[in-house]
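Student: Here's a structure for you.
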Amino acid sequence: MAELTYRDAVARGIAQEMTRDPDVVFLGEDVGKAGGVFKATVGLYEQFGPLRVRDTPISEQAILGAAMGAAMTGLKPIAEIMFSDFFAVCFDYIANEFAKSRYMSNGQLKCPLVVRTGNGAGSRFGAQHSQSVENWCMMIPGLKVVAPSNPRDVIGLMAAAVRDPDPVIFFEHKSLYPTKGEVPDGEIVDRLGSAAIARPGKDATILALALMVPRALLAAERLKAEHGIDCEVVDVRSLVPLDTQTILGSVARTHRLFTVEENPRLCGWGAEIVSIVADEAFYDLDGPPVRITTPHIPLPAADILEDIALPTVDRIVERVRRSMQS
Amino acid sequence: MAKIEDRATRSKVAASGLNDDIGEEMRLRLFRSQFLLRQAEQRAFDLFLQNLVKGTSHLSLGQEAVAAGFACAMKPGDLSFCTYRGHAHTLARGVPVEKVLGELMQRDNGLMRGKGGSMHLTSAEHGVMGSYAIIGAHLPIACGAAWRAQYKGQKDVSVCFFGDGTTNIGAFHEALNFAVVWKLPVIFVCENNLYMEYTPIGDVTSVKHPAADRAAAYGLERILIDGNDADAVYRAAMAAYEKARAGGGPSLVECLTYRHSGHSRADPAKYRPEGELEKWKERDPIKIYRERLKQFGIAQSAITAIETEVQGIVDAATEACKAAPMPPLDILTTDVYADGGFAWRN
């Protein structure tokens with residue numbers, strides 16, 4: 001067991017898979033010699049060499065297209081798109097190409113690849129370098145979508161993503177890179193499609209993803225200490241496949257549902273989950289499900305504005321308390 | 001045909017067919033391939049008029065020499081990446097006519113059992129790694145396949161066919177730069193048929209020859225060939241394959257050609273100036289090649305035998321497709337994910 005940052009966990013997760021399988025290759029802008037703009041891939045170039053860790057031009061379409069062509073023909077590429085906002089310039093590959101080629105070819109083609117990307121706010125980078133865009137990908141048939149919240153999950157889900165036969169979009173949260181967590185020694189391999197109960201509780205279920213998980217945990221501590229409300233926090237981890245059993249099971253125990261989402265409100269991942277709960281667990285609920293999200297706005301650059309845009313611990317506490325005590 | 005201005009290309013075109021470097025066996029293959037593509041595409045058009053080909057279709061009538069010339073220069077294991085105008089390139093790799101017509105007719109015997117359609121013909125076992133309907137998307141994908149060959153030390157080459165309109169989209173430029181920088185074994189083949197969709201390519205392009213005139217920007221040789229002469233295509237293809245296999249990196253080949261039909265089934269091509277089609281039909285690649293075979297002393301009976309054989313294949317394929325069942329409804333949800341299904345939740 002060692003304490004590791006989320007950032008270092010990315011490099012360790014990739015290294016674990018590259019060591020295991022020579023078909024795993026890694027490409028992206030500034031990922032090699034520079035070690036990544038977020039320093040999440042430091043050491044990989046030195047360890048695996050320039051044939052397996054490849055710096056690319058600023059050509060997002062070429063990066064994802066090349067990853068797809070390599071995956072179709074026998075490699076297992078990990079491609080980095082530096083900021084998830086840049087998905088917008090290579091979205092054809094995500095939405096039209098590697099997501100659909102298996103289906104369109106009636107199973108003849110496969111695309112076992114991972115696209116990892118820096119997602120989310122907190123760096124004061126403004127509207128084009130701060131978005132949470134996991135819902136852009138969640139809605140596309142053929143993709144799998146994960147977003148780890150801690151260093152251990154980074155390694156385990158990275159391994160699961162690389163070993164998965166389908167294309168996986170791997171959202172790393174930029175504001176989590178410096179955070180630390182305990183990580184076991186040796187190989188870590190997790191499972192896609194499994195949520196985790198990050199904190200058990202009996203009064204309400206709070207679903208959260210990535211950066212919202214530590215915030216939900218802090219809010220749960222305060223709700224318990226200050227208001228006597230015992231919340232269960234579920235780290236959703238994997239949007240596709242979605243672990244509805246863990247979610248429905250938690251709602252069946254607590255009878256209340258809250259989602260904490262960094263994405264802007266419309267069509268956020270929580271909307272789909274609330275709809276599933278309404279369909280399948282309506283009579284388990286003792287009150288209306290509540291979504292706590294960023295408003296329907298582009299993100300501002302100024303720190304005081306960005307801070308109030310995202311769900312904060314205060315907002316989560318207040319919203320849950322108000323709903324539970326009404 | 002469009003005037004070819006540079007001397008090197010003119011001399012190549014002029015010399016085309018006068019050399020006996022290709023040989024009778026390959027010439028007969030080139031003819032058979034072109035004739036088969038013509039017959040199959042014509043049949044697809046006829047079946048469309050009978051409402052048996054559904055959806056859309058983009059024919060390569062008039063452009064057969066490019067598909068045949070490149071396919072005949074390939075080795076088994078070489079990979080093709082095609083566009084939505086991909087019937088000819090798919091057939092040229094030896095994919096059975098029945099499989100292609102079946103897909104166009106959305107039958108269960110189709111290449112993808114009706115799940116892909118005309119614009120997405122794929123036959124991995126023949127090296128046809130998909131037909132892509134988003135302009136330019138497959139150029140980077142072909143780069144990726146070539147990267148795999150380079151990384152694994154495999155000798156196959158990836159070829160990517162696209163139209164003149166593709167040269168104005170970003171992915172074209174990203175792929176060319178990428179392929180040159182990584183020195184990938186990939187060949188980019190621009191079929192310049194003079195029209196984007198409905199608009200003449202010259203009206204919307206900064207240079208006269210949309211691919212060839214951009215080659216220098218990527219440090220590549222300017223290659224502009226007569227795309228209606230299968231010998232010229234075959235020679236250019238062989239040179240590009242040789243270069244790629246020797247580790248010399250990518251090539252960009254612009255083939256001047258002309259489509260005899262409209263952009264898609266919905267297009268009667270009324271935007272073409274009067275007489276243009278007729279002029280190009282005088283340079284019909286199949287007409288040119290029949291004459292070429294005679295020039296090289298190949299007997300008319302040998303040519304007729306090929307034509308009869310091919311017509312028989314296309315007729316038999318047509319009948320087989322008409323008799324084939326529609327796909328079963330349960331394939332609607334198969335092969336979304338690798339487990340064979342479409343489950344997104346537990």
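By order in the structure tokens, chains are A, B, ...; within a chain, residues start at 1; ligands start at 1, following the order shown.
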Quick check: residues of chain B within 7 Å of chain A, only C-alpha atoms, returned as a list in words.

Tutor: Met112, Lys115, Gly116, His120, Thr122, Ala124, Pro140, Ile141, Ala142, Cys143, Gly144, Ala145, Trp147, Arg148, Ala171, Glu174, Ala175, Phe178, Asp335, Val336, Tyr337, Ala338, Trp344, Arg345 and Asn346 of chain B

Student: So that I can see what lies close to B:Glu98, please list as a PyMOL selection string the residues with an atom at most 8 Å from it, counting only C-alpha atoms and leaving out residues fewer than 5 positions away in the same chain.

Tutor: chain B and resi 109-110+314+317-318+320-321

Student: May I have the selected residues written with C-alpha atoms, as a PDB file, in the first residue's frame?

Tutor:
ATOM      1  CA  ASN B 109     -27.143 -12.289 -47.960  1.00  0.00           C
ATOM      2  CA  GLY B 110     -25.593  -8.809 -48.011  1.00  0.00           C
ATOM      3  CA  VAL B 314     -23.723 -10.381 -62.358  1.00  0.00           C
ATOM      4  CA  ALA B 317     -25.875 -12.554 -58.367  1.00  0.00           C
ATOM      5  CA  THR B 318     -28.926 -10.480 -59.225  1.00  0.00           C
ATOM      6  CA  ALA B 320     -29.692 -14.798 -55.986  1.00  0.00           C
ATOM      7  CA  CYS B 321     -30.301 -11.424 -54.321  1.00  0.00           C
TER       8      CYS B 321
END

Student: Please return, as a ChimeraX atom specification, all residues of stretch 18-123 of chain A that DSSP assigns to helix (DSSP H, G or I) on the basis of the backbone.

Tutor: /A:18-20,44-48,60-72,84-89,91-97,101-104

Student: Taking into account only C-alpha atoms, which residue in the set B:Gly77, B:Gly297, B:Pro210, B:Gly312 is nearest to B:Ser158?

Tutor: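 Of B:Gly77, B:Gly297, B:Pro210, B:Gly312, the one nearest B:Ser158 is B:Gly77, counting only C-alpha atoms.
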
Student: Identify all residues of stretch 67-227 of chain A in strand (DSSP E or B) (DSSP on the backbone) and supply them as a PyMOL selection string.

Tutor: chain A and resi 76-83+114-119+144-146+168-173+180-183+196-199+204-208

Student: Grab the residues selected above and save them as an mmCIF file, in the first residue's frame with C-alpha atoms.

Tutor:
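Result saved to again_15.cif:
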data_model
loop_
_atom_site.group_PDB
_atom_site.id
_atom_site.type_symbol
_atom_site.label_atom_id
_atom_site.label_comp_id
_atom_site.auth_asym_id
_atom_site.auth_seq_id
_atom_site.Cartn_x
_atom_site.Cartn_y
_atom_site.Cartn_z
ATOM 1 C CA LYS A 76 -4.710 -1.573 -28.301
ATOM 2 C CA PRO A 77 -4.111 2.149 -28.422
ATOM 3 C CA ILE A 78 -4.563 4.634 -25.629
ATOM 4 C CA ALA A 79 -5.120 8.068 -27.165
ATOM 5 C CA GLU A 80 -5.009 11.295 -25.190
ATOM 6 C CA ILE A 81 -7.171 14.261 -26.068
ATOM 7 C CA MET A 82 -5.638 16.896 -23.837
ATOM 8 C CA PHE A 83 -8.853 18.661 -22.822
ATOM 9 C CA VAL A 114 -9.165 3.992 -24.911
ATOM 10 C CA VAL A 115 -9.520 7.743 -25.242
ATOM 11 C CA ARG A 116 -8.338 9.405 -22.061
ATOM 12 C CA THR A 117 -8.946 13.069 -21.528
ATOM 13 C CA GLY A 118 -8.741 15.878 -18.996
ATOM 14 C CA ASN A 119 -12.293 16.764 -18.030
ATOM 15 C CA LYS A 144 -18.329 2.819 -22.863
ATOM 16 C CA VAL A 145 -17.761 5.742 -20.516
ATOM 17 C CA VAL A 146 -15.942 5.856 -17.186
ATOM 18 C CA VAL A 168 -13.855 3.328 -23.857
ATOM 19 C CA ILE A 169 -13.869 7.057 -23.098
ATOM 20 C CA PHE A 170 -11.864 7.610 -19.922
ATOM 21 C CA PHE A 171 -12.560 10.920 -18.209
ATOM 22 C CA GLU A 172 -9.869 12.085 -15.816
ATOM 23 C CA HIS A 173 -10.810 15.083 -13.737
ATOM 24 C CA LYS A 180 -3.933 11.636 -3.064
ATOM 25 C CA GLY A 181 -5.218 8.234 -2.124
ATOM 26 C CA GLU A 182 -4.106 4.848 -0.852
ATOM 27 C CA VAL A 183 -3.273 2.411 -3.622
ATOM 28 C CA ALA A 196 -19.084 1.789 -5.600
ATOM 29 C CA ILE A 197 -20.705 2.696 -2.323
ATOM 30 C CA ALA A 198 -18.225 5.285 -1.110
ATOM 31 C CA ARG A 199 -20.052 5.855 2.170
ATOM 32 C CA ALA A 204 -30.764 9.262 1.478
ATOM 33 C CA THR A 205 -28.761 8.205 -1.575
ATOM 34 C CA ILE A 206 -26.405 10.742 -3.134
ATOM 35 C CA LEU A 207 -25.035 9.756 -6.546
ATOM 36 C CA ALA A 208 -21.848 11.490 -7.657
#

Student: For stretch 264-280 of chain B, work out the shell of residues within 12 Å, counting only C-alpha atoms and skipping chain neighbours fewer than 4 positions away, then give it as a VMD selection string.

Tutor: chain B and resid 1 to 2 41 44 to 49 51 53 to 63 84 to 85 118 to 119 193 to 200 227 to 228 256 to 260 284 to 288

Student: Export C-alpha atoms of the chosen residues as a short mmCIF file (atom, residue, chain, number, x, y, z; two decimals), in the first residue's frame?

Tutor:
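Output file again31.cif follows:
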data_model
loop_
_atom_site.label_atom_id
_atom_site.label_comp_id
_atom_site.auth_asym_id
_atom_site.auth_seq_id
_atom_site.Cartn_x
_atom_site.Cartn_y
_atom_site.Cartn_z
CA MET B 1 -10.47 15.13 -70.44
CA ALA B 2 -8.98 17.83 -68.29
CA GLU B 41 -22.66 -0.72 -60.97
CA ALA B 44 -27.15 -1.53 -59.15
CA PHE B 45 -28.56 1.41 -61.08
CA ASP B 46 -31.09 -0.80 -62.88
CA LEU B 47 -32.16 -2.37 -59.59
CA PHE B 48 -32.57 1.09 -58.11
CA LEU B 49 -34.93 1.98 -60.97
CA ASN B 51 -37.03 0.02 -56.48
CA VAL B 53 -32.05 -0.97 -54.23
CA LYS B 54 -33.23 1.18 -51.35
CA GLY B 55 -31.76 4.16 -49.58
CA THR B 56 -29.01 6.00 -51.39
CA SER B 57 -26.23 4.86 -53.66
CA HIS B 58 -23.21 6.54 -55.18
CA LEU B 59 -21.98 4.89 -58.34
CA SER B 60 -18.47 4.75 -59.77
CA LEU B 61 -19.59 4.46 -63.41
CA GLY B 62 -16.75 5.93 -65.45
CA GLN B 63 -14.23 5.69 -62.59
CA TYR B 84 -19.51 6.00 -49.58
CA ARG B 85 -18.69 5.74 -53.30
CA SER B 118 -24.47 1.06 -49.69
CA MET B 119 -22.27 3.66 -47.99
CA ASN B 193 -14.00 13.44 -60.99
CA LEU B 194 -14.24 17.24 -61.35
CA TYR B 195 -17.32 17.65 -59.17
CA MET B 196 -17.53 17.92 -55.42
CA GLU B 197 -21.15 16.87 -55.22
CA TYR B 198 -22.97 19.25 -57.54
CA THR B 199 -20.40 22.05 -57.59
CA PRO B 200 -17.35 21.94 -59.87
CA GLY B 227 -7.39 7.99 -63.97
CA ASN B 228 -9.23 6.63 -66.98
CA LEU B 256 -8.18 12.48 -63.18
CA THR B 257 -11.45 10.84 -64.01
CA TYR B 258 -15.16 11.52 -64.48
CA ARG B 259 -18.33 10.06 -63.14
CA HIS B 260 -20.87 9.20 -65.78
CA ASP B 284 -14.50 5.74 -71.15
CA PRO B 285 -11.95 3.61 -69.30
CA ILE B 286 -13.46 0.38 -70.55
CA LYS B 287 -13.51 1.55 -74.14
CA ILE B 288 -9.89 2.65 -73.78
#

Student: As an exercise, work out the distance from atom CA of B:Arg38 to atom CA of B:Leu224 in Å and give it to one decimal place.

Tutor: 23.6 Å

Student: Using Å and a single decimal, report how far atom CA of A:His255 sits from atom CA of A:Asp279.

Tutor: 14.4 Å

Student: Which neighbours of stretch 161-166 of chain B fall inside 6 Å, counting only C-alpha atoms, when residues of the same chain fewer than 5 positions from it are skipped, and could you give them as a ChimeraX atom specification?

Tutor: /B:82,135-136,189-192,196

Student: Within 9 Å of B:Ala40, counting only C-alpha atoms, which residues show up once you throw out same-chain ones fewer than 3 positions away? Write them as a JSON list (two decimals) with C-alpha atoms, in the first residue's frame, please.

Tutor:
[["chain", "number", "residue", "atom", "x", "y", "z"],
["B", 35, "PHE", "CA", -15.73, -4.72, -66.80],
["B", 36, "LEU", "CA", -17.08, -6.38, -63.67],
["B", 37, "LEU", "CA", -17.25, -3.08, -61.82],
["B", 43, "ARG", "CA", -26.93, -3.43, -62.44],
["B", 44, "ALA", "CA", -27.15, -1.53, -59.15],
["B", 45, "PHE", "CA", -28.56, 1.41, -61.08],
["B", 87, "HIS", "CA", -18.93, -0.32, -54.43],
["B", 88, "ALA", "CA", -16.20, -0.48, -57.07],
["B", 91, "LEU", "CA", -15.73, -5.42, -55.66],
["B", 97, "VAL", "CA", -21.01, -9.39, -56.50],
["B", 100, "VAL", "CA", -22.47, -6.31, -52.56],
["B", 101, "LEU", "CA", -25.77, -6.29, -54.45],
["B", 311, "GLN", "CA", -22.26, -10.87, -67.30],
["B", 314, "VAL", "CA", -23.72, -10.38, -62.36]]

Student: Using only C-alpha atoms, which of B:Ile225, B:Val186, B:Ala68, B:Leu79 sits nearest B:Ala92?

Tutor: B:Ala68

Student: For B:Leu184, find every residue with an atom within 8 Å (counting only C-alpha atoms), except residues of its own chain fewer than 6 positions away, and show them as a VMD selection string.

Tutor: chain B and resid 143 146 to 147 150 244 247 249 to 250

Student: Let me see the file: selected residues, C-alpha atoms, as a PDB file, in the first residue's frame.

Tutor:
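Okay, this is what ended up in again_6.pdb:
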ATOM      1  CA  CYS B 143      -2.877   6.077 -41.084  1.00  0.00           C
ATOM      2  CA  ALA B 146      -0.422   1.719 -41.449  1.00  0.00           C
ATOM      3  CA  TRP B 147       1.003   2.612 -38.044  1.00  0.00           C
ATOM      4  CA  GLN B 150       4.986  -0.238 -39.105  1.00  0.00           C
ATOM      5  CA  ALA B 244       5.548   2.112 -48.964  1.00  0.00           C
ATOM      6  CA  GLY B 247       9.785   2.058 -45.779  1.00  0.00           C
ATOM      7  CA  GLY B 249       6.459   6.463 -46.452  1.00  0.00           C
ATOM      8  CA  PRO B 250       3.226   7.712 -47.944  1.00  0.00           C
TER       9      PRO B 250
END

Student: Might you pull out every residue within 10 Å of stretch 322-326 of chain A, with only C-alpha atoms counted and same-chain residues fewer than 2 positions away left off, and present them as a ChimeraX atom specification?

Tutor: /A:203-204,227,229,256,258,286-290,316-320

Student: Using C-alpha atoms, can you write the selected residues to a file as a compact mmCIF listing (two decimals), in the first residue's frame?

Tutor:
# COMPACT_ATOMS: atom_id res chain seq x y z
CA ASP A 203 -31.52 8.16 5.05
CA ALA A 204 -30.76 9.26 1.48
CA HIS A 227 -28.46 17.73 10.80
CA ILE A 229 -29.12 13.01 8.13
CA ARG A 256 -34.50 9.23 -1.30
CA PHE A 258 -30.02 13.04 -5.01
CA ASP A 286 -40.45 8.87 -0.19
CA GLY A 287 -39.87 12.17 -1.98
CA PRO A 288 -39.05 13.64 -5.35
CA PRO A 289 -35.57 12.90 -6.74
CA VAL A 290 -33.40 16.02 -6.75
CA ILE A 316 -25.23 19.97 -1.60
CA VAL A 317 -25.74 20.20 2.19
CA GLU A 318 -28.36 22.88 1.86
CA ARG A 319 -30.26 21.22 -0.98
CA VAL A 320 -30.34 17.80 0.73

Student: Find the distance between atom CA of B:Ala323 and atom CA of B:Arg107 and write it in Å to one decimal.

Tutor: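 Taking atom CA of B:Ala323 and atom CA of B:Arg107, their separation equals 9.2 Å.
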
Student: Pick the closest to B:Leu139 from B:Gly170, B:Gly153, B:Gly94, B:Gly117: which is it, counting only C-alpha atoms?

Tutor: B:Gly170
